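Raw query-v8.txt, compact mmCIF, C-alpha atoms (C1' of nucleotides):
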# COMPACT_ATOMS: atom_id res chain seq x y z
CA MET D 1 5.67 80.86 35.97
CA SER D 2 6.41 83.95 33.90
CA ASP D 3 9.53 85.43 32.37
CA PHE D 4 8.73 88.96 33.48
CA ASP D 5 11.41 90.00 35.91
CA LEU D 6 10.06 92.09 38.73
CA THR D 7 13.52 92.98 39.95
CA ASP D 8 14.18 94.59 36.60
CA PHE D 9 10.99 96.59 36.39
CA LEU D 10 11.94 100.21 36.75
CA PRO D 11 8.98 101.52 38.77
CA TYR D 12 9.49 98.67 41.23
CA LEU D 13 13.22 99.32 41.53
CA LEU D 14 12.65 103.04 41.88
CA ASN D 15 10.10 102.53 44.59
CA ARG D 16 12.19 100.20 46.62
CA ALA D 17 15.27 102.37 46.33
CA ALA D 18 13.27 105.47 47.24
CA GLU D 19 11.61 103.75 50.18
CA LYS D 20 14.95 102.66 51.49
CA ALA D 21 16.60 106.05 51.13
CA SER D 22 13.56 107.74 52.64
CA ARG D 23 13.43 105.42 55.61
CA ASP D 24 17.09 105.97 56.33
CA PHE D 25 16.99 109.72 56.12
CA GLN D 26 13.57 110.05 57.70
CA ALA D 27 15.05 108.57 60.84
CA VAL D 28 16.93 111.81 61.34
CA TYR D 29 14.25 114.45 60.90
CA LYS D 30 11.52 112.36 62.45
CA ARG D 31 13.46 111.34 65.52
CA ASP D 32 15.05 114.74 66.13
CA TYR D 33 12.20 117.05 65.17
CA GLY D 34 9.04 114.98 64.67
CA MET D 35 8.87 116.14 61.08
CA LEU D 36 7.20 114.49 58.11
CA ARG D 37 8.59 114.21 54.62
CA THR D 38 6.71 117.19 53.22
CA GLU D 39 7.73 119.31 56.21
CA TRP D 40 11.33 118.41 55.57
CA ARG D 41 10.96 119.37 51.93
CA VAL D 42 9.35 122.70 52.70
CA LEU D 43 12.00 123.49 55.29
CA PHE D 44 14.72 122.75 52.76
CA HIS D 45 13.13 124.85 50.05
CA LEU D 46 12.96 127.82 52.38
CA GLY D 47 16.40 127.19 53.84
CA ILE D 48 18.11 126.84 50.50
CA TYR D 49 16.26 129.27 48.30
CA GLY D 50 15.03 131.79 50.86
CA ALA D 51 11.56 133.11 51.65
CA MET D 52 8.84 132.33 49.16
CA THR D 53 5.10 131.66 48.94
CA ALA D 54 3.48 128.26 49.32
CA ARG D 55 2.62 128.35 45.67
CA LYS D 56 6.27 128.66 44.69
CA ILE D 57 7.10 125.68 46.86
CA CYS D 58 4.36 123.68 45.18
CA GLN D 59 5.74 124.54 41.75
CA ARG D 60 9.38 123.94 42.54
CA GLY D 61 8.83 120.70 44.41
CA GLU D 62 5.84 119.41 42.48
CA LEU D 63 3.92 119.12 45.70
CA HIS D 64 0.17 119.39 46.00
CA LYS D 65 -1.03 122.53 47.69
CA THR D 66 -2.89 120.69 50.45
CA LYS D 67 0.30 118.88 51.38
CA VAL D 68 2.21 122.13 51.51
CA SER D 69 -0.59 123.88 53.38
CA ARG D 70 -0.45 121.23 56.10
CA ALA D 71 3.32 121.14 56.23
CA VAL D 72 3.44 124.92 56.59
CA ALA D 73 0.90 124.79 59.42
CA ALA D 74 2.97 122.11 61.16
CA LEU D 75 6.24 124.00 60.72
CA GLN D 76 4.57 127.14 62.01
CA SER D 77 3.29 125.39 65.11
CA LYS D 78 6.86 124.20 65.73
CA ARG D 79 7.93 127.85 65.37
CA PHE D 80 10.19 127.02 62.45
CA LEU D 81 8.63 129.54 60.10
CA LYS D 82 6.52 132.70 60.01
CA ARG D 83 3.94 133.80 57.50
CA GLN D 84 3.62 137.31 56.21
CA ARG D 85 0.60 138.37 54.20
CA SER D 86 1.56 140.15 51.00
CA GLN D 87 0.65 143.84 50.79
CA ILE D 88 0.40 143.60 47.03
CA ASP D 89 -1.70 140.44 46.70
CA GLY D 90 -3.84 139.72 49.73
CA ARG D 91 -4.12 136.04 48.87
CA GLU D 92 -0.42 135.33 49.09
CA GLU D 93 1.69 134.75 52.16
CA LEU D 94 5.44 134.99 52.21
CA LEU D 95 6.94 132.13 54.19
CA ARG D 96 10.17 132.74 56.01
CA LEU D 97 12.18 130.56 58.38
CA THR D 98 12.59 131.78 61.94
CA ASN D 99 16.02 131.71 63.54
CA SER D 100 15.32 128.38 65.14
CA GLY D 101 13.90 127.07 61.87
CA TYR D 102 17.09 128.06 60.16
CA LEU D 103 19.18 126.33 62.80
CA VAL D 104 17.17 123.18 62.34
CA PHE D 105 17.57 123.47 58.60
CA ARG D 106 21.32 123.76 58.92
CA HIS D 107 21.49 120.76 61.19
CA LEU D 108 19.42 118.66 58.82
CA ARG D 109 21.29 119.97 55.82
CA ASP D 110 24.53 118.74 57.37
CA GLN D 111 22.98 115.39 58.16
CA ALA D 112 21.74 115.22 54.60
CA ALA D 113 25.17 116.00 53.24
CA ASP D 114 26.65 113.24 55.42
CA TYR D 115 24.08 110.74 54.29
CA HIS D 116 24.58 111.74 50.70
CA LEU D 117 28.30 111.18 51.06
CA ALA D 118 27.73 107.77 52.63
CA LEU D 119 25.60 106.76 49.65
CA ALA D 120 28.13 108.13 47.21
CA GLN D 121 30.74 105.81 48.72
CA HIS D 122 29.07 102.94 46.92
CA PHE D 123 29.72 104.44 43.54
CA SER D 124 32.55 105.74 41.45
CA GLU D 125 32.39 109.44 40.71
CA ASP D 126 31.26 108.74 37.15
CA GLU D 127 28.68 106.19 38.16
CA PHE D 128 27.24 108.58 40.68
CA GLN D 129 26.95 111.46 38.24
CA GLN D 130 25.37 109.20 35.68
CA PHE D 131 22.96 107.80 38.26
CA LYS D 132 21.74 111.26 39.20
CA ALA D 133 21.45 112.22 35.55
CA SER D 134 19.28 109.17 34.90
CA LEU D 135 17.01 110.02 37.79
CA LYS D 136 16.65 113.55 36.51
CA LYS D 137 15.66 112.21 33.12
CA ILE D 138 12.83 110.24 34.68
CA ILE D 139 11.68 113.26 36.66
CA ALA D 140 11.89 115.63 33.72
CA ASP D 141 9.93 113.33 31.43
CA ARG D 142 6.50 114.85 30.96
CA MET U 1 21.12 131.25 51.02
CA SER U 2 22.88 127.90 51.21
CA ASP U 3 25.07 125.93 48.85
CA PHE U 4 23.32 122.63 49.49
CA ASP U 5 21.75 121.54 46.24
CA LEU U 6 18.39 119.90 46.76
CA THR U 7 18.18 118.77 43.16
CA ASP U 8 21.33 116.75 43.69
CA PHE U 9 20.33 115.10 46.95
CA LEU U 10 19.83 111.45 46.21
CA PRO U 11 16.85 110.68 48.49
CA TYR U 12 15.05 113.66 47.00
CA LEU U 13 15.80 112.60 43.44
CA LEU U 14 14.84 109.02 44.17
CA ASN U 15 11.57 110.06 45.72
CA ARG U 16 10.58 112.30 42.89
CA ALA U 17 11.50 109.75 40.26
CA ALA U 18 9.66 106.99 42.14
CA GLU U 19 6.59 109.15 42.65
CA LYS U 20 6.49 109.92 38.97
CA ALA U 21 6.92 106.32 37.82
CA SER U 22 4.37 105.13 40.38
CA ARG U 23 1.80 107.69 39.37
CA ASP U 24 2.15 106.77 35.73
CA PHE U 25 1.89 103.07 36.19
CA GLN U 26 -0.71 103.27 38.95
CA ALA U 27 -3.05 104.79 36.41
CA VAL U 28 -3.26 101.39 34.73
CA TYR U 29 -4.00 99.05 37.62
CA LYS U 30 -6.10 101.54 39.50
CA ARG U 31 -8.27 102.51 36.57
CA ASP U 32 -8.70 99.00 35.19
CA TYR U 33 -8.95 96.99 38.40
CA GLY U 34 -9.28 99.37 41.33
CA MET U 35 -6.07 98.01 42.77
CA LEU U 36 -3.63 99.65 45.17
CA ARG U 37 0.12 99.52 44.96
CA THR U 38 0.54 96.72 47.44
CA GLU U 39 -2.17 94.70 45.72
CA TRP U 40 -0.33 95.09 42.46
CA ARG U 41 2.89 93.95 44.07
CA VAL U 42 1.31 90.90 45.66
CA LEU U 43 -0.37 89.97 42.40
CA PHE U 44 2.95 90.21 40.59
CA HIS U 45 4.79 88.15 43.16
CA LEU U 46 2.25 85.37 42.86
CA GLY U 47 2.02 85.67 39.09
CA ILE U 48 5.73 85.57 38.53
CA TYR U 49 7.01 83.26 41.21
CA GLY U 50 3.95 81.09 41.79
CA ALA U 51 2.00 80.27 44.93
CA MET U 52 3.57 81.24 48.23
CA THR U 53 2.66 82.35 51.74
CA ALA U 54 2.11 85.95 52.81
CA ARG U 55 5.28 85.74 54.83
CA LYS U 56 7.33 84.92 51.74
CA ILE U 57 5.84 87.90 49.95
CA CYS U 58 6.76 90.12 52.87
CA GLN U 59 10.33 88.89 52.79
CA ARG U 60 10.80 89.06 49.05
CA GLY U 61 9.20 92.46 48.63
CA GLU U 62 10.19 93.99 51.97
CA LEU U 63 6.57 94.72 52.68
CA HIS U 64 5.07 94.93 56.13
CA LYS U 65 2.77 92.08 57.03
CA THR U 66 -0.24 94.29 57.71
CA LYS U 67 0.05 95.76 54.25
CA VAL U 68 0.22 92.32 52.71
CA SER U 69 -2.58 91.03 54.88
CA ARG U 70 -4.89 93.77 53.67
CA ALA U 71 -3.78 93.46 50.06
CA VAL U 72 -4.44 89.71 50.17
CA ALA U 73 -7.90 90.30 51.62
CA ALA U 74 -8.63 92.80 48.85
CA LEU U 75 -7.38 90.51 46.11
CA GLN U 76 -9.41 87.68 47.55
CA SER U 77 -12.57 89.76 47.59
CA LYS U 78 -11.91 90.55 43.93
CA ARG U 79 -11.60 86.78 43.37
CA PHE U 80 -8.04 87.16 42.11
CA LEU U 81 -6.54 84.69 44.59
CA LYS U 82 -7.43 81.83 46.91
CA ARG U 83 -5.99 80.89 50.27
CA GLN U 84 -5.22 77.38 51.33
CA ARG U 85 -4.38 76.61 54.95
CA SER U 86 -1.22 74.54 55.25
CA GLN U 87 -1.62 70.98 56.55
CA ILE U 88 1.88 71.06 57.98
CA ASP U 89 1.81 74.41 59.76
CA GLY U 90 -1.66 75.57 60.72
CA ARG U 91 -0.59 79.20 60.88
CA GLU U 92 0.41 79.43 57.28
CA GLU U 93 -1.76 79.91 54.23
CA LEU U 94 -0.65 79.22 50.71
CA LEU U 95 -1.77 81.98 48.37
CA ARG U 96 -2.52 81.10 44.79
CA LEU U 97 -3.92 83.14 41.91
CA THR U 98 -7.27 82.11 40.49
CA ASN U 99 -7.68 81.85 36.74
CA SER U 100 -9.09 85.33 36.56
CA GLY U 101 -6.34 86.59 38.83
CA TYR U 102 -3.80 85.11 36.47
CA LEU U 103 -5.48 86.75 33.49
CA VAL U 104 -5.35 90.10 35.22
CA PHE U 105 -1.74 89.51 36.10
CA ARG U 106 -0.88 88.79 32.48
CA HIS U 107 -2.67 91.89 31.29
CA LEU U 108 -0.87 94.07 33.80
CA ARG U 109 2.42 92.33 33.13
CA ASP U 110 2.08 93.27 29.46
CA GLN U 111 1.21 96.82 30.36
CA ALA U 112 4.21 96.90 32.66
CA ALA U 113 6.46 95.63 29.91
CA ASP U 114 5.16 98.33 27.59
CA TYR U 115 5.71 101.04 30.15
CA HIS U 116 9.14 99.72 30.90
CA LEU U 117 9.99 99.87 27.22
CA ALA U 118 8.71 103.42 26.96
CA LEU U 119 10.99 104.45 29.81
CA ALA U 120 13.91 102.60 28.31
CA GLN U 121 13.54 104.72 25.18
CA HIS U 122 15.05 107.62 27.06
CA PHE U 123 18.29 105.77 27.64
CA SER U 124 20.97 103.99 25.72
CA GLU U 125 21.20 100.28 26.42
CA ASP U 126 24.30 100.80 28.55
CA GLU U 127 22.87 103.71 30.46
CA PHE U 128 19.77 101.73 31.22
CA GLN U 129 21.67 98.71 32.51
CA GLN U 130 23.85 100.91 34.63
CA PHE U 131 20.85 102.80 35.97
CA LYS U 132 19.20 99.60 37.12
CA ALA U 133 22.45 98.36 38.61
CA SER U 134 22.76 101.58 40.62
CA LEU U 135 19.23 101.25 41.94
CA LYS U 136 19.94 97.68 42.96
CA LYS U 137 23.00 98.84 44.85
CA ILE U 138 20.88 101.24 46.87
CA ILE U 139 18.33 98.57 47.60
CA ALA U 140 20.88 95.94 48.52
CA ASP U 141 22.72 98.24 50.89
CA ARG U 142 21.97 97.12 54.44
C1' DC T 1 4.21 66.96 79.56
C1' DG T 2 3.71 71.93 80.46
C1' DA T 3 5.26 76.56 80.51
C1' DT T 4 7.31 80.08 77.85
C1' DA T 5 8.66 82.02 73.73
C1' DA T 6 8.36 82.60 68.85
C1' DT T 7 5.87 82.95 64.43
C1' DA T 8 1.79 83.67 60.78
C1' DG T 9 -1.53 86.47 60.16
C1' DT T 10 -5.47 89.85 61.59
C1' DT T 11 -7.62 93.87 63.58
C1' DG T 12 -8.52 98.59 65.66
C1' DA T 13 -7.18 103.13 66.43
C1' DA T 14 -4.35 106.95 65.15
C1' DA T 15 -1.86 109.31 61.71
C1' DA T 16 -1.23 110.67 56.96
C1' DT T 17 -2.82 111.39 52.23
C1' DG T 18 -5.86 112.44 48.35
C1' DT T 19 -9.96 114.58 46.42
C1' DA T 20 -13.16 117.88 46.17
C1' DA T 21 -15.41 121.60 47.85
C1' DC T 22 -14.82 125.82 50.15
C1' DT T 23 -13.28 131.05 51.45
C1' DA T 24 -11.08 135.10 50.24
C1' DT T 25 -8.88 137.92 47.06
C1' DC T 26 -7.64 139.57 42.54
C1' DA T 27 -8.29 140.16 37.24
C1' DA T 28 -10.77 141.29 33.02
C1' DG T 29 -14.41 142.66 30.13
C1' DG T 30 -18.57 144.90 29.48
C1' DC I 1 -18.18 149.34 39.19
C1' DC I 2 -20.17 144.84 38.64
C1' DT I 3 -20.34 140.25 37.02
C1' DT I 4 -17.72 136.26 35.82
C1' DG I 5 -13.76 133.68 36.15
C1' DA I 6 -9.19 132.69 37.95
C1' DT I 7 -5.92 132.06 41.80
C1' DA I 8 -3.81 131.34 46.92
C1' DG I 9 -4.65 128.80 50.41
C1' DT I 10 -7.69 126.03 53.82
C1' DT I 11 -10.89 122.56 55.36
C1' DA I 12 -13.84 118.37 55.40
C1' DC I 13 -14.33 113.76 54.28
C1' DA I 14 -13.00 109.37 52.49
C1' DT I 15 -9.20 106.34 51.68
C1' DT I 16 -4.60 104.45 53.04
C1' DT I 17 -0.94 103.58 56.01
C1' DT I 18 1.21 102.80 60.32
C1' DC I 19 1.69 101.04 64.97
C1' DA I 20 0.55 98.27 68.53
C1' DA I 21 -2.10 94.87 70.37
C1' DC I 22 -4.38 90.68 69.48
C1' DT I 23 -5.54 85.38 68.15
C1' DA I 24 -4.04 81.06 66.86
C1' DT I 25 -0.59 77.85 66.17
C1' DT I 26 4.06 75.84 66.52
C1' DA I 27 8.76 75.43 68.71
C1' DT I 28 11.80 75.00 72.69
C1' DC I 29 13.34 73.35 76.79
C1' DG I 30 13.06 72.33 81.68
Step by step, read the file and then write its structure as structure tokens.
Amino acid sequence: MSDFDLTDFLPYLLNRAAEKASRDFQAVYKRDYGMLRTEWRVLFHLGIYGAMTARKICQRGELHKTKVSRAVAALQSKRFLKRQRSQIDGREELLRLTNSGYLVFRHLRDQAADYHLALAQHFSEDEFQQFKASLKKIIADR
Amino acid sequence: MSDFDLTDFLPYLLNRAAEKASRDFQAVYKRDYGMLRTEWRVLFHLGIYGAMTARKICQRGELHKTKVSRAVAALQSKRFLKRQRSQIDGREELLRLTNSGYLVFRHLRDQAADYHLALAQHFSEDEFQQFKASLKKIIADR
DNA sequence: CGATAATAGTTGAAAATGTAACTATCAAGG
DNA sequence: CCTTGATAGTTACATTTTCAACTATTATCG
């Protein structure tokens, strides 16, 4: 019918691979903590890089501020983080994980590391490095 | 705070790369034809592989049947495809692009090829082949 | 044949997302 | 200071997606 090969079209491949990886890993944070993808991302940003404002999370993760705003509200209602209004700039809030939020982060971080390792099994060390480098090229491309 | 590197976590990288590629290419089919991602996928399946049932599209593209059902309805209302109830199995419908649907497919296929080429520019031939092979590994992994 | 189960596809309600408009605070120039 | 414009974050509304229940048809097996 046509010689265009869908299974070679990069956006299609990327989407299917991402959907698959997301579904697999989502199973963990959704089942165990009822979290959504953006909540997971926010939790990880705070867990890894420490307390920061929502704006910083938006910048670092290229997430829209409404997504982050909702994720923060959800994480707060689960008591995984606290907000602290800045004394210097009254618009900003510093977001900081609570103890239980940090425990959850560590649990999920370990699960993530396990899953990452399981995926890496499919590749040689070189292949895997190159694969990640290629993905970063796509992301970095403005 | 933690030595886990988010920017090296494969599901995260995959998601960001996929989001970026999707956003870029979505601009074309959304702007020109008001189509959604699943509509685009269904159109491409029919354009490339010829007429088939919704069920086949679900299987081939790993799409949920409600998504496909709604995409088919949308494409039909745009007059891009026709349905034909099977004589053999009264539950099935054969989906077939109309002439205008096929024209749209060809236009988008060309745009896709262009975009694909633009992405490929960032890689050597070998890198690009390897990149696609890696993505296929992820997808194929059951 | 007739009951039960399976399959193709649709639909409605709930959840999630995107877009734009909104509040509150800060910055800069006159 | 005071007006205008920018920024941090929230909210409302429309669009999409997901999940489960539904209809209609075919398959299986006593």
- line: Using only C-alpha atoms, the best pick from D:Lys56, D:Lys67, D:Arg109, D:Arg37 as closest to Ala21 in chain D would be D:Arg37
query: Can you tell me how far CA of Gly61 in chain U sits from CA of Leu14 in chain D, in Å to one decimal?
result: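 Separation between CA of Gly61 in chain U and CA of Leu14 in chain D: 13.0 Å.
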task: Considering all atoms listed in the file, extract the chain D residues located within 6 Å of chain U and return them as a PyMOL selection string.
output: chain D and resi 1-2+11+14-15+17-18+21+48-49+131+138-139
- request: Determine which residues of chain T sit within 12 Å of chain U, taking into account all atoms listed in the file, and present them as a list in words.
  value: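 Here is what falls inside 12 Å: DT7, DA8, DG9, DT10 and DT11 of chain T.
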Using only C-alpha atoms (C1' of nucleotides), I'd like a table of the residues in chain I that come within 8 Å of chain U; for each, show the closest atom pair and its distance in Å rounded to one decimal, ordered by chain and ascending number, as JSON lines.
{"residue": "I:DA24", "atom": "C1'", "partner": "U:Arg91", "partner_atom": "CA", "distance": 7.1}
{"residue": "I:DT25", "atom": "C1'", "partner": "U:Arg91", "partner_atom": "CA", "distance": 5.5}
{"residue": "I:DT26", "atom": "C1'", "partner": "U:Asp89", "partner_atom": "CA", "distance": 7.3}
query: Can you tell me how far CA of Ile88 in chain D sits from CA of Gln59 in chain D, in Å to one decimal?
result: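 One can read the CA of Ile88 in chain D to CA of Gln59 in chain D distance as 20.5 Å.
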Straight-line distance linking CA of Lys30 in chain D with CA of Ser77 in chain D, stated in Å to one decimal: 15.6 Å
- prompt: Around (-7.3, 86.6, 46.7) in the file's frame, which residues reach within 12 Å when counting all atoms listed in the file? Return as a PyMOL selection string?
  reply: chain U and resi 39-40+42-43+46+51+53-54+68-84+93-102
Spatial neighbours of DT15 in chain I, max dist 12 Å, all atoms listed in the file, sep filter under 6 positions, as a list in words: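 That gives Leu36 of chain U; DA16, DT17, DG18 and DT19 of chain T.
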I need the residues from that last selection saved to file as a short mmCIF file (atom, residue, chain, number, x, y, z; two decimals), in the coordinates of the input (with C-alpha atoms (C1' of nucleotides)), if you can.
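Written output follows (again_20.cif):
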data_model
loop_
_atom_site.label_atom_id
_atom_site.label_comp_id
_atom_site.auth_asym_id
_atom_site.auth_seq_id
_atom_site.Cartn_x
_atom_site.Cartn_y
_atom_site.Cartn_z
CA LEU U 36 -3.63 99.65 45.17
"C1'" DA T 16 -1.23 110.67 56.96
"C1'" DT T 17 -2.82 111.39 52.23
"C1'" DG T 18 -5.86 112.44 48.35
"C1'" DT T 19 -9.96 114.58 46.42
#
Quick one: axis-aligned box around all listed atoms of range 59-66 of chain D, 6 Å on every side, centre and edge lengths in Å to one decimal, written as JSON.
{"center_x": 3.2, "center_y": 121.8, "center_z": 46.1, "size_x": 24.3, "size_y": 17.4, "size_z": 20.7}
I'd like the neighbourhood of DG30 in chain T as a PDB file with C-alpha atoms (C1' of nucleotides), in the coordinates of the input, where a residue qualifies if any of its atoms comes within 12 Å (using all atoms listed in the file), though same-chain residues fewer than 4 positions away should be ignored.
ATOM      1  C1'  DC I   1     -18.180 149.340  39.190  1.00  0.00           C
ATOM      2  C1'  DC I   2     -20.170 144.840  38.640  1.00  0.00           C
ATOM      3  C1'  DT I   3     -20.340 140.250  37.020  1.00  0.00           C
ATOM      4  C1'  DT I   4     -17.720 136.260  35.820  1.00  0.00           C
TER       5       DT I   4
END
- request: Go through I:DC29, I:DT11, I:DT17, I:DG5 and flag the residue nearest DA14 in chain T, using only C-alpha atoms (C1' of nucleotides) for the distances.
  value: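 So, comparing all the options, the nearest one is I:DT17.
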Please complete range 13-25 of chain D so it has N, CA and C atoms, and hand it over as a PDB file, in the coordinates of the input.
ATOM      1  N   LEU D  13      11.884  98.991  41.038  1.00  0.00           N
ATOM      2  CA  LEU D  13      13.220  99.320  41.530  1.00  0.00           C
ATOM      3  C   LEU D  13      13.256 100.719  42.120  1.00  0.00           C
ATOM      4  N   LEU D  14      12.656 101.658  41.412  1.00  0.00           N
ATOM      5  CA  LEU D  14      12.650 103.040  41.880  1.00  0.00           C
ATOM      6  C   LEU D  14      11.960 103.147  43.231  1.00  0.00           C
ATOM      7  N   ASN D  15      10.830 102.474  43.331  1.00  0.00           N
ATOM      8  CA  ASN D  15      10.100 102.530  44.590  1.00  0.00           C
ATOM      9  C   ASN D  15      10.870 101.956  45.748  1.00  0.00           C
ATOM     10  N   ARG D  16      11.465 100.818  45.517  1.00  0.00           N
ATOM     11  CA  ARG D  16      12.190 100.200  46.620  1.00  0.00           C
ATOM     12  C   ARG D  16      13.407 101.027  47.007  1.00  0.00           C
ATOM     13  N   ALA D  17      14.100 101.547  46.025  1.00  0.00           N
ATOM     14  CA  ALA D  17      15.270 102.370  46.330  1.00  0.00           C
ATOM     15  C   ALA D  17      14.839 103.639  47.069  1.00  0.00           C
ATOM     16  N   ALA D  18      13.751 104.243  46.607  1.00  0.00           N
ATOM     17  CA  ALA D  18      13.270 105.470  47.240  1.00  0.00           C
ATOM     18  C   ALA D  18      12.797 105.199  48.662  1.00  0.00           C
ATOM     19  N   GLU D  19      12.085 104.098  48.837  1.00  0.00           N
ATOM     20  CA  GLU D  19      11.610 103.750  50.180  1.00  0.00           C
ATOM     21  C   GLU D  19      12.783 103.566  51.128  1.00  0.00           C
ATOM     22  N   LYS D  20      13.786 102.902  50.626  1.00  0.00           N
ATOM     23  CA  LYS D  20      14.950 102.660  51.490  1.00  0.00           C
ATOM     24  C   LYS D  20      15.639 103.963  51.859  1.00  0.00           C
ATOM     25  N   ALA D  21      15.917 104.797  50.853  1.00  0.00           N
ATOM     26  CA  ALA D  21      16.600 106.050  51.130  1.00  0.00           C
ATOM     27  C   ALA D  21      15.758 106.935  52.045  1.00  0.00           C
ATOM     28  N   SER D  22      14.443 106.942  51.798  1.00  0.00           N
ATOM     29  CA  SER D  22      13.560 107.740  52.640  1.00  0.00           C
ATOM     30  C   SER D  22      13.565 107.272  54.083  1.00  0.00           C
ATOM     31  N   ARG D  23      13.440 105.972  54.249  1.00  0.00           N
ATOM     32  CA  ARG D  23      13.430 105.420  55.610  1.00  0.00           C
ATOM     33  C   ARG D  23      14.690 105.822  56.348  1.00  0.00           C
ATOM     34  N   ASP D  24      15.820 105.644  55.690  1.00  0.00           N
ATOM     35  CA  ASP D  24      17.090 105.970  56.330  1.00  0.00           C
ATOM     36  C   ASP D  24      17.144 107.432  56.744  1.00  0.00           C
ATOM     37  N   PHE D  25      16.824 108.303  55.805  1.00  0.00           N
ATOM     38  CA  PHE D  25      16.990 109.720  56.120  1.00  0.00           C
ATOM     39  C   PHE D  25      15.863 110.228  57.015  1.00  0.00           C
TER      40      PHE D  25
END
